[in-house]
file structure_14.txt (compact mmCIF, C-alpha atoms (C1' of nucleotides))
# COMPACT_ATOMS: atom_id res chain seq x y z
CA MET R 1 -1.92 28.03 -14.73
CA ALA R 2 -0.30 29.75 -17.72
CA THR R 3 1.15 33.19 -17.14
CA TYR R 4 1.92 36.29 -19.20
CA GLN R 5 3.50 39.72 -18.86
CA LEU R 6 1.19 42.73 -18.47
CA LEU R 7 3.27 45.17 -20.51
CA HIS R 8 0.75 47.99 -20.19
CA ASP R 9 -2.73 48.93 -19.04
CA TRP R 10 -5.60 48.07 -21.39
CA ASN R 11 -7.87 50.86 -20.26
CA VAL R 12 -6.79 53.34 -22.92
CA THR R 13 -8.29 55.63 -25.53
CA PRO R 14 -7.89 54.92 -29.24
CA ALA R 15 -5.24 57.64 -29.50
CA GLU R 16 -3.31 56.14 -26.59
CA ALA R 17 -3.63 52.71 -28.18
CA VAL R 18 -1.94 53.94 -31.34
CA ALA R 19 0.83 55.51 -29.27
CA LEU R 20 1.35 52.21 -27.46
CA GLN R 21 1.60 50.37 -30.75
CA GLN R 22 4.26 52.78 -31.97
CA GLN R 23 6.21 52.08 -28.81
CA LEU R 24 5.72 48.31 -28.71
CA ARG R 25 6.42 47.62 -32.37
CA HIS R 26 10.15 47.90 -31.77
CA GLN R 27 10.10 44.94 -29.37
CA ILE R 28 8.72 42.53 -31.95
CA GLN R 29 11.17 39.89 -33.11
CA ILE R 30 10.77 38.14 -36.49
CA GLN R 31 13.08 35.14 -36.48
CA PRO R 32 13.15 31.35 -36.92
CA LEU R 33 11.83 29.26 -34.04
CA THR R 34 14.38 28.37 -31.39
CA LYS R 35 12.57 25.25 -30.16
CA PRO R 36 10.59 22.48 -31.86
CA VAL R 37 6.81 22.81 -31.76
CA GLU R 38 4.84 20.09 -30.02
CA THR R 39 1.67 21.97 -29.11
CA ILE R 40 -0.17 24.83 -30.81
CA ALA R 41 -3.08 26.90 -29.55
CA GLY R 42 -5.88 28.70 -31.32
CA CYS R 43 -7.78 31.61 -29.73
CA ASP R 44 -10.90 33.54 -30.59
CA ILE R 45 -13.83 35.47 -29.14
CA SER R 46 -17.55 35.63 -29.93
CA PHE R 47 -20.24 38.11 -28.90
CA ASN R 48 -23.74 39.27 -29.63
CA LYS R 49 -23.91 42.43 -31.69
CA PHE R 50 -24.40 45.58 -29.62
CA GLU R 51 -23.52 43.77 -26.39
CA GLU R 52 -20.31 44.19 -24.38
CA THR R 53 -20.30 40.63 -23.10
CA VAL R 54 -17.69 38.55 -24.92
CA TYR R 55 -17.02 34.83 -24.91
CA ALA R 56 -13.31 34.07 -25.22
CA GLY R 57 -11.64 30.74 -25.62
CA ILE R 58 -8.41 28.89 -26.35
CA VAL R 59 -7.96 25.37 -27.70
CA VAL R 60 -4.61 23.62 -27.46
CA LEU R 61 -3.77 20.91 -29.99
CA ARG R 62 -0.94 18.46 -30.45
CA LEU R 63 0.59 19.58 -33.76
CA GLU R 64 1.48 16.09 -34.90
CA THR R 65 -2.00 14.58 -34.57
CA LEU R 66 -4.22 17.67 -34.25
CA GLU R 67 -5.83 16.03 -31.22
CA VAL R 68 -7.29 18.43 -28.66
CA ILE R 69 -5.20 18.57 -25.48
CA GLU R 70 -7.06 21.27 -23.59
CA GLU R 71 -9.90 23.78 -23.96
CA VAL R 72 -10.69 26.80 -21.82
CA GLY R 73 -13.39 29.44 -22.08
CA VAL R 74 -14.39 32.57 -20.17
CA ILE R 75 -17.30 34.98 -20.21
CA SER R 76 -16.00 38.51 -19.93
CA SER R 77 -16.71 41.96 -21.27
CA ALA R 78 -15.05 44.24 -23.78
CA THR R 79 -15.39 47.99 -23.57
CA PHE R 80 -12.95 48.95 -26.30
CA PRO R 81 -14.78 49.13 -29.68
CA TYR R 82 -13.76 47.41 -32.85
CA ILE R 83 -11.60 49.82 -34.80
CA PRO R 84 -9.61 48.60 -37.82
CA GLY R 85 -5.97 48.55 -36.73
CA LEU R 86 -6.79 48.37 -33.03
CA LEU R 87 -8.40 44.94 -32.81
CA SER R 88 -5.97 43.72 -30.14
CA PHE R 89 -7.22 46.30 -27.66
CA ARG R 90 -10.71 44.84 -27.92
CA GLU R 91 -9.86 41.13 -27.93
CA ILE R 92 -6.63 40.49 -26.03
CA PRO R 93 -7.84 41.40 -22.52
CA SER R 94 -10.47 38.63 -22.47
CA LEU R 95 -8.14 36.23 -24.27
CA LEU R 96 -5.61 36.72 -21.48
CA GLU R 97 -8.27 35.75 -18.95
CA ALA R 98 -8.76 32.52 -20.84
CA TRP R 99 -5.00 32.06 -21.07
CA SER R 100 -4.75 32.24 -17.28
CA LYS R 101 -6.99 29.20 -17.01
CA LEU R 102 -4.74 27.02 -19.14
CA LYS R 103 -2.84 24.21 -17.43
CA THR R 104 -0.84 23.63 -20.59
CA GLU R 105 1.79 26.08 -21.88
CA PRO R 106 1.34 26.08 -25.71
CA ASP R 107 4.58 26.20 -27.72
CA VAL R 108 3.07 28.51 -30.31
CA VAL R 109 -0.20 30.46 -30.65
CA MET R 110 -2.25 31.12 -33.77
CA PHE R 111 -4.46 34.23 -33.76
CA ASP R 112 -7.57 34.99 -35.79
CA GLY R 113 -6.24 38.18 -37.35
CA GLN R 114 -2.98 39.75 -38.52
CA GLY R 115 0.56 39.58 -37.18
CA ILE R 116 2.86 42.19 -38.72
CA ALA R 117 0.55 42.55 -41.75
CA HIS R 118 -0.71 45.69 -40.06
CA PRO R 119 -0.35 49.42 -40.81
CA ARG R 120 2.06 49.78 -37.87
CA ARG R 121 3.34 46.19 -38.07
CA ILE R 122 1.72 45.16 -34.79
CA GLY R 123 -1.52 43.31 -35.32
CA ILE R 124 -3.21 41.20 -32.65
CA ALA R 125 -0.85 38.24 -33.12
CA SER R 126 2.25 40.40 -32.65
CA HIS R 127 0.79 42.29 -29.72
CA GLY R 128 -0.31 39.04 -28.11
CA GLY R 129 3.11 37.52 -28.67
CA LEU R 130 4.76 40.27 -26.65
CA PHE R 131 2.47 39.61 -23.68
CA LEU R 132 2.74 35.83 -23.92
CA ASN R 133 6.46 35.98 -24.69
CA ARG R 134 6.34 33.02 -27.06
CA PRO R 135 6.00 32.37 -30.81
CA THR R 136 2.75 33.66 -32.31
CA PHE R 137 1.39 34.28 -35.80
CA GLY R 138 -1.79 35.43 -37.43
CA CYS R 139 -4.05 33.60 -39.84
CA ALA R 140 -6.76 36.02 -41.04
CA LYS R 141 -9.75 35.51 -43.29
CA SER R 142 -9.37 38.88 -45.00
CA VAL R 143 -6.79 41.59 -45.61
CA LEU R 144 -6.18 44.68 -43.48
CA VAL R 145 -3.30 46.16 -45.49
CA GLY R 146 -1.07 44.96 -48.30
CA LYS R 147 -1.42 43.73 -51.86
CA TYR R 148 -0.70 40.38 -53.42
CA ASP R 149 -1.03 38.41 -56.62
CA GLU R 150 -3.57 35.61 -56.56
CA PRO R 151 -1.82 32.34 -55.61
CA ALA R 152 -2.27 29.24 -57.80
CA PRO R 153 -5.55 27.39 -57.05
CA GLU R 154 -4.03 24.27 -55.49
CA ARG R 155 -3.67 23.87 -51.74
CA GLY R 156 -0.23 24.81 -50.47
CA ASN R 157 0.48 27.61 -52.95
CA TRP R 158 1.11 31.10 -51.65
CA THR R 159 2.18 34.54 -52.79
CA PRO R 160 3.76 37.34 -50.73
CA MET R 161 1.71 40.23 -49.38
CA ARG R 162 3.49 43.55 -49.69
CA HIS R 163 3.00 46.90 -48.03
CA TYR R 164 5.22 49.89 -48.70
CA GLY R 165 7.75 47.61 -50.35
CA GLU R 166 7.98 45.18 -47.44
CA VAL R 167 6.90 41.55 -47.46
CA ILE R 168 4.53 41.42 -44.48
CA GLY R 169 2.77 38.11 -44.95
CA ALA R 170 1.38 35.60 -47.41
CA ALA R 171 -1.87 34.80 -49.16
CA LEU R 172 -1.94 31.03 -48.56
CA ARG R 173 -4.23 28.51 -50.23
CA THR R 174 -5.26 25.98 -47.55
CA LYS R 175 -7.77 24.24 -49.81
CA ASN R 176 -8.07 23.78 -53.58
CA LYS R 177 -9.96 26.50 -55.41
CA VAL R 178 -10.98 28.26 -52.22
CA ASN R 179 -10.13 31.78 -51.13
CA PRO R 180 -6.73 31.99 -49.44
CA VAL R 181 -6.11 32.85 -45.77
CA TYR R 182 -3.67 35.60 -44.89
CA VAL R 183 -0.72 34.47 -42.80
CA SER R 184 1.78 36.76 -41.13
CA PRO R 185 4.35 36.30 -38.34
CA GLY R 186 3.42 37.73 -34.98
CA HIS R 187 6.49 37.47 -32.72
CA LEU R 188 9.44 35.10 -32.27
CA ILE R 189 8.70 33.34 -35.58
CA ASP R 190 9.25 33.99 -39.29
CA LEU R 191 6.89 33.95 -42.26
CA GLU R 192 8.07 30.63 -43.69
CA THR R 193 7.49 28.86 -40.39
CA ALA R 194 4.09 30.47 -39.93
CA ILE R 195 3.06 29.22 -43.37
CA SER R 196 4.38 25.74 -42.64
CA LEU R 197 2.54 25.55 -39.33
CA THR R 198 -0.69 26.74 -40.90
CA LEU R 199 -0.54 23.94 -43.45
CA GLN R 200 0.26 21.39 -40.74
CA CYS R 201 -2.81 22.57 -38.82
CA ASP R 202 -5.03 22.18 -41.84
CA GLY R 203 -7.09 19.02 -41.88
CA GLY R 204 -6.65 19.09 -45.64
CA ARG R 205 -3.51 17.07 -45.25
CA ARG R 206 -5.63 14.19 -43.98
CA GLY R 207 -8.47 14.21 -46.46
CA TYR R 208 -11.09 16.29 -44.68
CA GLY R 209 -10.18 19.89 -45.04
CA TYR R 210 -11.51 23.31 -44.18
CA ARG R 211 -10.21 26.67 -45.27
CA ILE R 212 -9.68 27.73 -41.69
CA PRO R 213 -6.95 25.78 -39.85
CA GLU R 214 -8.03 23.61 -36.91
CA PRO R 215 -6.79 25.74 -33.99
CA THR R 216 -8.88 28.73 -35.06
CA ARG R 217 -11.79 26.68 -36.41
CA LEU R 218 -12.18 24.61 -33.26
CA THR R 219 -11.85 27.65 -31.00
CA HIS R 220 -14.44 29.47 -33.06
CA ASN R 221 -16.84 26.56 -32.51
CA LEU R 222 -16.06 26.58 -28.79
CA VAL R 223 -16.74 30.26 -28.17
CA ASN R 224 -19.91 30.18 -30.26
CA ALA R 225 -21.20 27.24 -28.21
CA LEU R 226 -20.33 29.22 -25.10
CA ARG R 227 -22.26 32.24 -26.37
CA ARG R 228 -25.30 30.14 -27.16
CA GLY R 229 -25.21 28.57 -23.74
CA GLU R 230 -24.55 25.13 -25.22
CA ARG R 231 -21.44 24.89 -23.09
CA SER R 232 -20.19 26.27 -19.78
CA PRO R 233 -16.88 28.09 -19.04
CA ASP R 234 -15.15 24.98 -17.68
C1' DG U 1 -10.27 65.02 -50.08
C1' DC U 2 -11.83 60.02 -51.06
C1' DG U 3 -11.83 55.29 -50.23
C1' DA U 4 -10.22 51.10 -47.47
C1' DC U 5 -10.69 49.08 -43.29
C1' DA U 6 -8.41 42.12 -39.18
C1' DG U 7 -12.89 40.79 -35.94
C1' DA M 1 -18.26 39.88 -35.53
C1' DT M 2 -23.54 38.56 -36.06
C1' DC M 3 -28.23 38.04 -38.44
C1' DT M 4 -29.76 33.45 -41.80
C1' DT M 5 -31.92 29.49 -46.64
C1' DG M 6 -31.27 28.40 -50.42
C1' DT M 7 -28.41 27.84 -54.11
C1' DC M 8 -24.63 27.82 -57.81
C1' DG M 9 -20.46 25.24 -58.96
C1' DC M 10 -16.97 21.51 -58.79
call {"tool": "encode", "arguments": {"input": "structure_14.txt", "output": "structure tokens"}}
result
Amino acid sequence: MATYQLLHDWNVTPAEAVALQQQLRHQIQIQPLTKPVETIAGCDISFNKFEETVYAGIVVLRLETLEVIEEVGVISSATFPYIPGLLSFREIPSLLEAWSKLKTEPDVVMFDGQGIAHPRRIGIASHGGLFLNRPTFGCAKSVLVGKYDEPAPERGNWTPMRHYGEVIGAALRTKNKVNPVYVSPGHLIDLETAISLTLQCDGGRRGYGYRIPEPTRLTHNLVNALRRGERSPD
DNA sequence: GCGACAG
DNA sequence: ATCTTGTCGC
């Protein structure tokens, strides 16, 4: 079973959450990978509007072939509300429950959200990286903070996202003439590597291609099936 | 003060 | 995030 470090309690108020982020942000390390990546995991949650029950899941893939190595899902509950800038406090607790069920120890984890492309430089991917103590990065479908110039329309092109003068991520085109995804390092990885991994996880390199990279796309399908009762938490 | 605002 | 069919464009 995969393990993680519980760096702090999750039962906090929004104000306490912000204080924790200010404290934790200094522990985040943006650097090149120290080990080659063989497996990559995607994680996501799903839920019915107005309900506290959440369906969390993680899918582990072999980077080279994008074949699924393992899938885990859990039905849990989230009490913390969705507040822009505090997404990790709503999603990470249940994702950690799913993580505990993994037999495999993913080399790197892709999150559905931001890494350091966050007002306090600690989005869900960075926060999760500290708990998991391994390389993580975010691949979001929309922007939280930062500005960027539109990247060229062909797959593979990207432009830097800037916030207060700092390069915090990239607007990356994963498919021709389709809206870009927003990639940013989470922890123990750098922007260039996060971009490279995102492109390697995109089926586009093999003909069939979706805007959302496979780890996140497949996990999204998994948790939605769980929510609809089309699959069980095994 | 006004508007923006990951999922 | 979720609720949902058709439809415009390449």
call {"tool": "closest_atom_pairs", "arguments": {"input": "structure_14.txt", "of": "chain M", "to": "chain R", "cutoff": "10 Å", "atoms": "only C-alpha atoms (C1' of nucleotides)", "output": "JSON lines"}}
result
{"residue": "M:DA1", "atom": "C1'", "partner": "R:Ser46", "partner_atom": "CA", "distance": 7.1}
{"residue": "M:DT2", "atom": "C1'", "partner": "R:Lys49", "partner_atom": "CA", "distance": 5.8}
{"residue": "M:DC3", "atom": "C1'", "partner": "R:Lys49", "partner_atom": "CA", "distance": 9.1}
{"residue": "M:DC10", "atom": "C1'", "partner": "R:Lys177", "partner_atom": "CA", "distance": 9.2}
call {"tool": "interface_residues", "arguments": {"input": "structure_14.txt", "of": "chain U", "to": "chain R", "cutoff": "7 Å", "atoms": "all atoms listed in the file", "output": "list in words"}}
result
DC5, DA6 and DG7 of chain U
call {"tool": "atom_distance", "arguments": {"input": "structure_14.txt", "atom1": "CA of Ala41 (chain R)", "atom2": "CA of Val59 (chain R)"}}
result
5.4 Å
call {"tool": "residues_around", "arguments": {"input": "structure_14.txt", "residues": "Glu192 (chain R)", "least_positions_apart": "4", "cutoff": "12 Å", "atoms": "only C-alpha atoms (C1' of nucleotides)", "output": "list in words"}}
result
Ile30, Gln31, Pro32, Leu33, Phe137, Trp158, Thr159, Pro160, Val167, Ile168, Gly169, Ala170, Leu172, Val183, Ser184, Pro185, Ser196, Leu197, Thr198 and Leu199 of chain R
call {"tool": "atom_distance", "arguments": {"input": "structure_14.txt", "atom1": "CA of Leu188 (chain R)", "atom2": "CA of Phe80 (chain R)"}}
result
27.0 Å
call {"tool": "atom_distance", "arguments": {"input": "structure_14.txt", "atom1": "CA of Thr219 (chain R)", "atom2": "CA of Glu71 (chain R)"}}
result
8.3 Å
call {"tool": "residues_around", "arguments": {"input": "structure_14.txt", "residues": "Cys43 (chain R)", "least_positions_apart": "5", "cutoff": "12 Å", "atoms": "all atoms listed in the file", "output": "ChimeraX atom specification"}}
result
/R:55-61,71-74,91-92,94-99,102,106,108-113,124-125,128,136-139,213-223
call {"tool": "write_last_selection", "arguments": {"input": "structure_14.txt", "atoms": "C-alpha atoms", "output": "PDB file, in the coordinates of the input"}}
result
ATOM      1  CA  TYR R  55     -17.020  34.830 -24.910  1.00  0.00           C
ATOM      2  CA  ALA R  56     -13.310  34.070 -25.220  1.00  0.00           C
ATOM      3  CA  GLY R  57     -11.640  30.740 -25.620  1.00  0.00           C
ATOM      4  CA  ILE R  58      -8.410  28.890 -26.350  1.00  0.00           C
ATOM      5  CA  VAL R  59      -7.960  25.370 -27.700  1.00  0.00           C
ATOM      6  CA  VAL R  60      -4.610  23.620 -27.460  1.00  0.00           C
ATOM      7  CA  LEU R  61      -3.770  20.910 -29.990  1.00  0.00           C
ATOM      8  CA  GLU R  71      -9.900  23.780 -23.960  1.00  0.00           C
ATOM      9  CA  VAL R  72     -10.690  26.800 -21.820  1.00  0.00           C
ATOM     10  CA  GLY R  73     -13.390  29.440 -22.080  1.00  0.00           C
ATOM     11  CA  VAL R  74     -14.390  32.570 -20.170  1.00  0.00           C
ATOM     12  CA  GLU R  91      -9.860  41.130 -27.930  1.00  0.00           C
ATOM     13  CA  ILE R  92      -6.630  40.490 -26.030  1.00  0.00           C
ATOM     14  CA  SER R  94     -10.470  38.630 -22.470  1.00  0.00           C
ATOM     15  CA  LEU R  95      -8.140  36.230 -24.270  1.00  0.00           C
ATOM     16  CA  LEU R  96      -5.610  36.720 -21.480  1.00  0.00           C
ATOM     17  CA  GLU R  97      -8.270  35.750 -18.950  1.00  0.00           C
ATOM     18  CA  ALA R  98      -8.760  32.520 -20.840  1.00  0.00           C
ATOM     19  CA  TRP R  99      -5.000  32.060 -21.070  1.00  0.00           C
ATOM     20  CA  LEU R 102      -4.740  27.020 -19.140  1.00  0.00           C
ATOM     21  CA  PRO R 106       1.340  26.080 -25.710  1.00  0.00           C
ATOM     22  CA  VAL R 108       3.070  28.510 -30.310  1.00  0.00           C
ATOM     23  CA  VAL R 109      -0.200  30.460 -30.650  1.00  0.00           C
ATOM     24  CA  MET R 110      -2.250  31.120 -33.770  1.00  0.00           C
ATOM     25  CA  PHE R 111      -4.460  34.230 -33.760  1.00  0.00           C
ATOM     26  CA  ASP R 112      -7.570  34.990 -35.790  1.00  0.00           C
ATOM     27  CA  GLY R 113      -6.240  38.180 -37.350  1.00  0.00           C
ATOM     28  CA  ILE R 124      -3.210  41.200 -32.650  1.00  0.00           C
ATOM     29  CA  ALA R 125      -0.850  38.240 -33.120  1.00  0.00           C
ATOM     30  CA  GLY R 128      -0.310  39.040 -28.110  1.00  0.00           C
ATOM     31  CA  THR R 136       2.750  33.660 -32.310  1.00  0.00           C
ATOM     32  CA  PHE R 137       1.390  34.280 -35.800  1.00  0.00           C
ATOM     33  CA  GLY R 138      -1.790  35.430 -37.430  1.00  0.00           C
ATOM     34  CA  CYS R 139      -4.050  33.600 -39.840  1.00  0.00           C
ATOM     35  CA  PRO R 213      -6.950  25.780 -39.850  1.00  0.00           C
ATOM     36  CA  GLU R 214      -8.030  23.610 -36.910  1.00  0.00           C
ATOM     37  CA  PRO R 215      -6.790  25.740 -33.990  1.00  0.00           C
ATOM     38  CA  THR R 216      -8.880  28.730 -35.060  1.00  0.00           C
ATOM     39  CA  ARG R 217     -11.790  26.680 -36.410  1.00  0.00           C
ATOM     40  CA  LEU R 218     -12.180  24.610 -33.260  1.00  0.00           C
ATOM     41  CA  THR R 219     -11.850  27.650 -31.000  1.00  0.00           C
ATOM     42  CA  HIS R 220     -14.440  29.470 -33.060  1.00  0.00           C
ATOM     43  CA  ASN R 221     -16.840  26.560 -32.510  1.00  0.00           C
ATOM     44  CA  LEU R 222     -16.060  26.580 -28.790  1.00  0.00           C
ATOM     45  CA  VAL R 223     -16.740  30.260 -28.170  1.00  0.00           C
TER      46      VAL R 223
END
call {"tool": "closest_residue", "arguments": {"input": "structure_14.txt", "among": "R:Val37, R:Ile75, R:Ala19, R:Arg120", "to": "Leu226 (chain R)", "atoms": "all atoms listed in the file"}}
result
R:Ile75
